[in-house]
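Participant: Below is one structure. I have some questions about it.
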Amino acid sequence: MTKFNPRFSQQSDALDSADADVWAVSDRAHALADKGEDVIFLCVGDPNFDTPEPILDYARARLGVGRTHYSPAAGEAMLRRAIADIESKVSPHPCSPDDVVVFPGGTNAIYAVLACLLNPGEEIVIPEPMYIGYVPISDALRLNVKKVACPAQSDFAFDIDAIKAAISDDTRVVMINTPVNPTGAMATPEQLRELAAYCRARGIWLVCDEMYSMITFARRHTSLRTAAEHLDNVVVIDGLSKSHAMSGWRLGWAVAQGPLVQRLIEFAGATIFGCPQFVQEAAAFALEFDTYFVKQMREAYQRRRDLIVERIGNIPGLSCYSPDAGMFVMVDVSEVATSGQAFAEALLDAERVSVLPGAPFGASAVNHVRLTLAADEAELARALDRIERFVTAGSRRAG
């Protein structure tokens, strides 16, 4: 009897060959926890808050009236209108519900947008450190990714001149993320306006991932739609996973103009056939009645950020800057370890604290580890005690 030899697509081969070490430390930490060890997890960006109760109540009510059927590929009118209203309020450019397409999460929205804009082998420019999820998306679509460093020496700040210098005649898309996962850096309105104009003059799409737009501290987020003078080459992606503690609800969206919107609707219709009705209506409710809950969570994240920054600043050999936004703090470990990967592995071995190595985010973060703010202050304090003990013990050994 002949043996069946499975053959797979180039797309799945690309995913299979993606960096397997991204979550290696986290996976090992979970294995230790499963054995009963006291492991503290500071690695994942999943909010540790429950979805606010009024949103849950509204979702239950919509379930109760049978909102469990197929939805339009573009999304429910109620949600598209709520998103368009928010965009219109903060931007000088009016936004129509017809400019909005709903997807099951921001990552899926990014995949759909890039799939509609780029062919395999075509060039996309992305600043790094960058969201880890961009890597498998780019691999699956077989894109030629040109990375632009935002160095740690300048607190990972956007360098618009470097991004413009990286753009070539082959560039089809520039994709940015503000506020940035993992660094918390924020592009200024002037930078966004300049980059949008430059890309438009070169016939290039500018895609902006704004998933952390509602988790800002020192200053308010400025959307690319607000900053750009023209919107015909602009795509904005956002969602509720982080801001509303709704990561498991899988709800995100893309806002664009012109023929791209119809392409996205057709793509959504072919691949997801709409998102759940009751989830979309709960999301619309969340956007309308979210001020109190978002403020409470944002203030908690700011207290946690301040705690980490203060404690890290008092540990000899470690350093960090205070991020303007987001759910993470990047810690420089170059004085005490050969890399962020080495530090994360040794910290887990010695103190059972799981942090994420910086290298998967890009070369600029190779000597860093990422600490999440998705843990309460008591848990963070306990983890920082262990980190301090680990670094101090290492210094004594080195001495």
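Chain labels run A, B, ... following the order of the structure tokens; each chain numbers its residues from 1, and ligands are numbered from 1 in the order shown.
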Excluding A:Leu141 and residues on its chain fewer than 4 positions from it, collect all residues at most 7 Å away from it, counting only C-alpha atoms, and give them as a list in words.

Facilitator: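 The filter keeps Gln11, Ala115, Pro120 and Ile137 of chain A.
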
Participant: Excluding same-chain residues fewer than 3 positions from A:Ala300, what lies within 9 Å of it counting only C-alpha atoms, as a list in words?

Facilitator: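 Non-adjacent residues within range: Lys295, Gln296, Met297, Arg303, Arg304, Arg305, Leu373, Asp376 and Glu377 of chain A.
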
Participant: Just to be explicit: take each residue in the selection above, keep N, CA and C atoms, and write the result as a PDB file, in the first residue's frame.

Facilitator:
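Produced file out21.pdb, reproduced below:
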```
ATOM      1  N   LYS A 295     -11.714  55.110  31.403  1.00  0.00           N
ATOM      2  CA  LYS A 295     -10.942  55.982  32.292  1.00  0.00           C
ATOM      3  C   LYS A 295     -10.397  55.195  33.480  1.00  0.00           C
ATOM      4  N   GLN A 296     -11.222  54.343  34.086  1.00  0.00           N
ATOM      5  CA  GLN A 296     -10.784  53.553  35.235  1.00  0.00           C
ATOM      6  C   GLN A 296      -9.627  52.632  34.857  1.00  0.00           C
ATOM      7  N   MET A 297      -9.739  51.962  33.736  1.00  0.00           N
ATOM      8  CA  MET A 297      -8.680  51.044  33.309  1.00  0.00           C
ATOM      9  C   MET A 297      -7.419  51.799  32.922  1.00  0.00           C
ATOM     10  N   ARG A 303      -0.916  53.800  36.851  1.00  0.00           N
ATOM     11  CA  ARG A 303      -0.324  53.505  38.162  1.00  0.00           C
ATOM     12  C   ARG A 303       0.656  52.337  38.061  1.00  0.00           C
ATOM     13  N   ARG A 304       0.294  51.346  37.300  1.00  0.00           N
ATOM     14  CA  ARG A 304       1.170  50.184  37.133  1.00  0.00           C
ATOM     15  C   ARG A 304       2.443  50.564  36.381  1.00  0.00           C
ATOM     16  N   ARG A 305       2.288  51.377  35.344  1.00  0.00           N
ATOM     17  CA  ARG A 305       3.469  51.861  34.630  1.00  0.00           C
ATOM     18  C   ARG A 305       4.407  52.596  35.569  1.00  0.00           C
ATOM     19  N   LEU A 373       1.626  45.421  31.650  1.00  0.00           N
ATOM     20  CA  LEU A 373       0.885  46.105  32.704  1.00  0.00           C
ATOM     21  C   LEU A 373      -0.414  45.372  33.038  1.00  0.00           C
ATOM     22  N   ASP A 376      -2.157  43.139  38.419  1.00  0.00           N
ATOM     23  CA  ASP A 376      -2.437  44.154  39.433  1.00  0.00           C
ATOM     24  C   ASP A 376      -1.158  44.565  40.148  1.00  0.00           C
ATOM     25  N   GLU A 377      -1.255  45.655  40.907  1.00  0.00           N
ATOM     26  CA  GLU A 377      -0.049  46.237  41.511  1.00  0.00           C
ATOM     27  C   GLU A 377       0.622  45.297  42.502  1.00  0.00           C
TER      28      GLU A 377
END
```

Participant: If you count only C-alpha atoms, which residues fall within 12 Å of A:Ser322, apart from same-chain ones fewer than 6 positions away, as a list of chain:residue names?

Facilitator: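 Contacts, in chain order: A:Asp155, A:Phe156, A:Thr183, A:Gly184, A:Ala185, A:Thr216, A:Phe217, A:Ala218, A:Gln302, A:Arg303, A:Arg304, A:Arg305, A:Asp306, A:Leu307, A:Ile308, A:Val309, A:Glu310, A:Arg311, A:Ile312, A:Gly313, A:Phe328, A:Val329, A:Met330, A:Val331.
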
Participant: Using DSSP on the backbone coordinates, identify all residues within stretch 74-215 of chain A classified as strand (DSSP E or B); present the result as a VMD selection string.

Facilitator: chain A and resid 100 to 103 123 to 128 144 to 149 171 to 177 205 to 209

Participant: Which neighbours of A:Arg298 fall inside 12 Å, counting only C-alpha atoms, when residues of the same chain fewer than 3 positions from it are skipped, and could you give them as an MDAnalysis selection string?

Facilitator: chainID A and resid 47 49 212:218 220 242:245 290:295 301:305 324:327 373:374

Participant: Quick one: pull the distance between atom CA of A:Met246 and atom CA of A:Val180, Å, one decimal.

Facilitator: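 Calculated distance between atom CA of A:Met246 and atom CA of A:Val180 is 19.1 Å.
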
Participant: Output as JSON, numbers by chain all residues of stretch 62-265 of chain A that backbone DSSP marks as alpha helix (DSSP H).

Facilitator: {"A": [62, 63, 64, 77, 78, 79, 80, 81, 82, 83, 84, 85, 86, 87, 88, 89, 90, 106, 107, 108, 109, 110, 111, 112, 113, 114, 115, 116, 117, 134, 135, 136, 137, 138, 139, 140, 160, 161, 162, 163, 164, 165, 166, 189, 190, 191, 192, 193, 194, 195, 196, 197, 198, 199, 200, 201, 224, 225, 226, 227, 259, 260, 261, 262, 263, 264, 265]}

Participant: Using only C-alpha atoms, which protein or nucleic acid residues come within 9 Å of A:Glu87? Drop anything in the same chain fewer than 5 positions from it, and give the result as an mmCIF file with N, CA and C atoms, in the first residue's frame.

Facilitator:
```
data_model
loop_
_atom_site.group_PDB
_atom_site.id
_atom_site.type_symbol
_atom_site.label_atom_id
_atom_site.label_comp_id
_atom_site.auth_asym_id
_atom_site.auth_seq_id
_atom_site.Cartn_x
_atom_site.Cartn_y
_atom_site.Cartn_z
ATOM 1 N N ALA A 82 -21.668 53.750 14.971
ATOM 2 C CA ALA A 82 -20.999 54.177 16.209
ATOM 3 C C ALA A 82 -19.531 54.497 15.953
ATOM 4 N N HIS A 93 -12.240 65.474 9.154
ATOM 5 C CA HIS A 93 -12.828 64.797 8.008
ATOM 6 C C HIS A 93 -14.060 64.008 8.458
ATOM 7 N N PRO A 94 -15.204 64.233 7.856
ATOM 8 C CA PRO A 94 -16.380 63.425 8.219
ATOM 9 C C PRO A 94 -16.153 61.963 7.861
ATOM 10 N N CYS A 95 -16.752 61.093 8.643
ATOM 11 C CA CYS A 95 -16.640 59.657 8.410
ATOM 12 C C CYS A 95 -18.041 59.091 8.274
ATOM 13 N N SER A 96 -18.262 58.320 7.236
ATOM 14 C CA SER A 96 -19.552 57.689 6.995
ATOM 15 C C SER A 96 -19.503 56.234 7.469
ATOM 16 N N SER A 223 -5.294 60.355 15.816
ATOM 17 C CA SER A 223 -5.464 59.366 14.761
ATOM 18 C C SER A 223 -4.866 59.865 13.454
ATOM 19 N N ARG A 225 -6.313 59.553 10.697
ATOM 20 C CA ARG A 225 -7.423 60.198 9.987
ATOM 21 C C ARG A 225 -7.576 61.656 10.402
ATOM 22 N N THR A 226 -7.202 61.978 11.621
ATOM 23 C CA THR A 226 -7.272 63.354 12.096
ATOM 24 C C THR A 226 -6.128 64.186 11.526
#
```

Participant: Considering only C-alpha atoms, state which residue in the set A:Asp38, A:Pro323, A:Glu53, A:Met211 is at the smallest distance from A:Ala157.

Facilitator: A:Pro323

Participant: Which residues are near A:Ala196? Cut-off 8 Å, only C-alpha atoms, ignore same chain within fewer than 6 positions. Put them as a list in words.

Facilitator: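 Non-adjacent residues within range: Leu206, Ala228, Glu229, His230, Asn233 and Val234 of chain A.
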
Participant: Next, the residues of the selection above should be written as a PDB file, in the first residue's frame with N, CA and C atoms.

Facilitator:
```pdb
ATOM      1  N   LEU A 206      -0.804  54.139   3.232  1.00  0.00           N
ATOM      2  CA  LEU A 206      -0.326  54.269   4.606  1.00  0.00           C
ATOM      3  C   LEU A 206      -1.372  53.645   5.525  1.00  0.00           C
ATOM      4  N   ALA A 228      -3.968  63.491   8.815  1.00  0.00           N
ATOM      5  CA  ALA A 228      -3.722  63.518   7.376  1.00  0.00           C
ATOM      6  C   ALA A 228      -4.589  64.574   6.687  1.00  0.00           C
ATOM      7  N   GLU A 229      -4.018  65.216   5.687  1.00  0.00           N
ATOM      8  CA  GLU A 229      -4.775  66.216   4.927  1.00  0.00           C
ATOM      9  C   GLU A 229      -5.738  65.553   3.954  1.00  0.00           C
ATOM     10  N   HIS A 230      -5.303  64.441   3.372  1.00  0.00           N
ATOM     11  CA  HIS A 230      -6.135  63.674   2.447  1.00  0.00           C
ATOM     12  C   HIS A 230      -6.234  62.241   2.961  1.00  0.00           C
ATOM     13  N   ASN A 233      -5.400  57.593   0.540  1.00  0.00           N
ATOM     14  CA  ASN A 233      -4.371  56.550   0.645  1.00  0.00           C
ATOM     15  C   ASN A 233      -4.209  56.056   2.078  1.00  0.00           C
ATOM     16  N   VAL A 234      -5.183  56.367   2.933  1.00  0.00           N
ATOM     17  CA  VAL A 234      -5.059  56.126   4.370  1.00  0.00           C
ATOM     18  C   VAL A 234      -6.017  55.025   4.822  1.00  0.00           C
TER      19      VAL A 234
END
```

Participant: Would you kindly return, as an mmCIF file with all heavy atoms, in the first residue's frame, each protein, DNA or RNA residue with an atom no farther than 7 Å from any atom of A:Leu15, considering only C-alpha atoms and excluding same-chain residues fewer than 6 positions away?

Facilitator:
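Final output, saved to around.cif:
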```cif
data_model
loop_
_atom_site.group_PDB
_atom_site.id
_atom_site.type_symbol
_atom_site.label_atom_id
_atom_site.label_comp_id
_atom_site.auth_asym_id
_atom_site.auth_seq_id
_atom_site.Cartn_x
_atom_site.Cartn_y
_atom_site.Cartn_z
ATOM 1 N N PRO A 136 3.834 36.831 11.394
ATOM 2 C CA PRO A 136 3.133 35.746 10.694
ATOM 3 C C PRO A 136 2.205 36.230 9.593
ATOM 4 O O PRO A 136 2.022 35.530 8.591
ATOM 5 C CB PRO A 136 2.353 35.042 11.823
ATOM 6 C CG PRO A 136 2.279 36.023 12.930
ATOM 7 C CD PRO A 136 3.512 36.839 12.840
ATOM 8 N N ASP A 139 4.468 36.812 6.709
ATOM 9 C CA ASP A 139 4.941 35.516 6.218
ATOM 10 C C ASP A 139 3.848 34.809 5.421
ATOM 11 O O ASP A 139 4.102 34.247 4.350
ATOM 12 C CB ASP A 139 5.375 34.632 7.388
ATOM 13 C CG ASP A 139 6.690 35.070 8.016
ATOM 14 O OD1 ASP A 139 7.414 35.856 7.371
ATOM 15 O OD2 ASP A 139 6.995 34.633 9.135
ATOM 16 N N ALA A 140 2.622 34.818 5.960
ATOM 17 C CA ALA A 140 1.523 34.135 5.283
ATOM 18 C C ALA A 140 1.236 34.752 3.922
ATOM 19 O O ALA A 140 0.935 34.037 2.953
ATOM 20 C CB ALA A 140 0.268 34.170 6.153
#
```

Participant: Using only C-alpha atoms, can you tell me which of A:His69, A:Lys147, A:Lys35, A:His221 comes closest to A:Ser91?

Facilitator: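 Counting only C-alpha atoms, the residue closest to A:Ser91 is A:His221.
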
Participant: Find, counting only C-alpha atoms, the residue in A:Leu318, A:Val355, A:Met186, A:Leu192 that gets nearest to A:Thr392.

Facilitator: A:Leu318

Participant: Between A:Arg28, A:Val333, A:Ala350, A:Val174, which has the minimum distance to A:Arg200 (counting only C-alpha atoms)?

Facilitator: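 Closest to A:Arg200, using only C-alpha atoms: A:Val174.
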
Participant: Taking only C-alpha atoms into account, name the residue in A:Ala284, A:Phe267, A:Asp46, A:Leu231 that is nearest to A:Asp85.

Facilitator: A:Ala284

Participant: Calculated over only C-alpha atoms, which of the candidates A:Leu118, A:Cys199, A:Ala14, A:Ala112 has the smallest distance to A:Ile265?

Facilitator: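 The shortest atom-to-atom distance to A:Ile265 comes from A:Ala112.
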
Participant: Quick one: pull the distance between atom CA of A:Pro276 and atom CA of A:Tyr70, Å, one decimal.

Facilitator: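 Answer for the atom CA of A:Pro276 to atom CA of A:Tyr70 separation: 7.0 Å.
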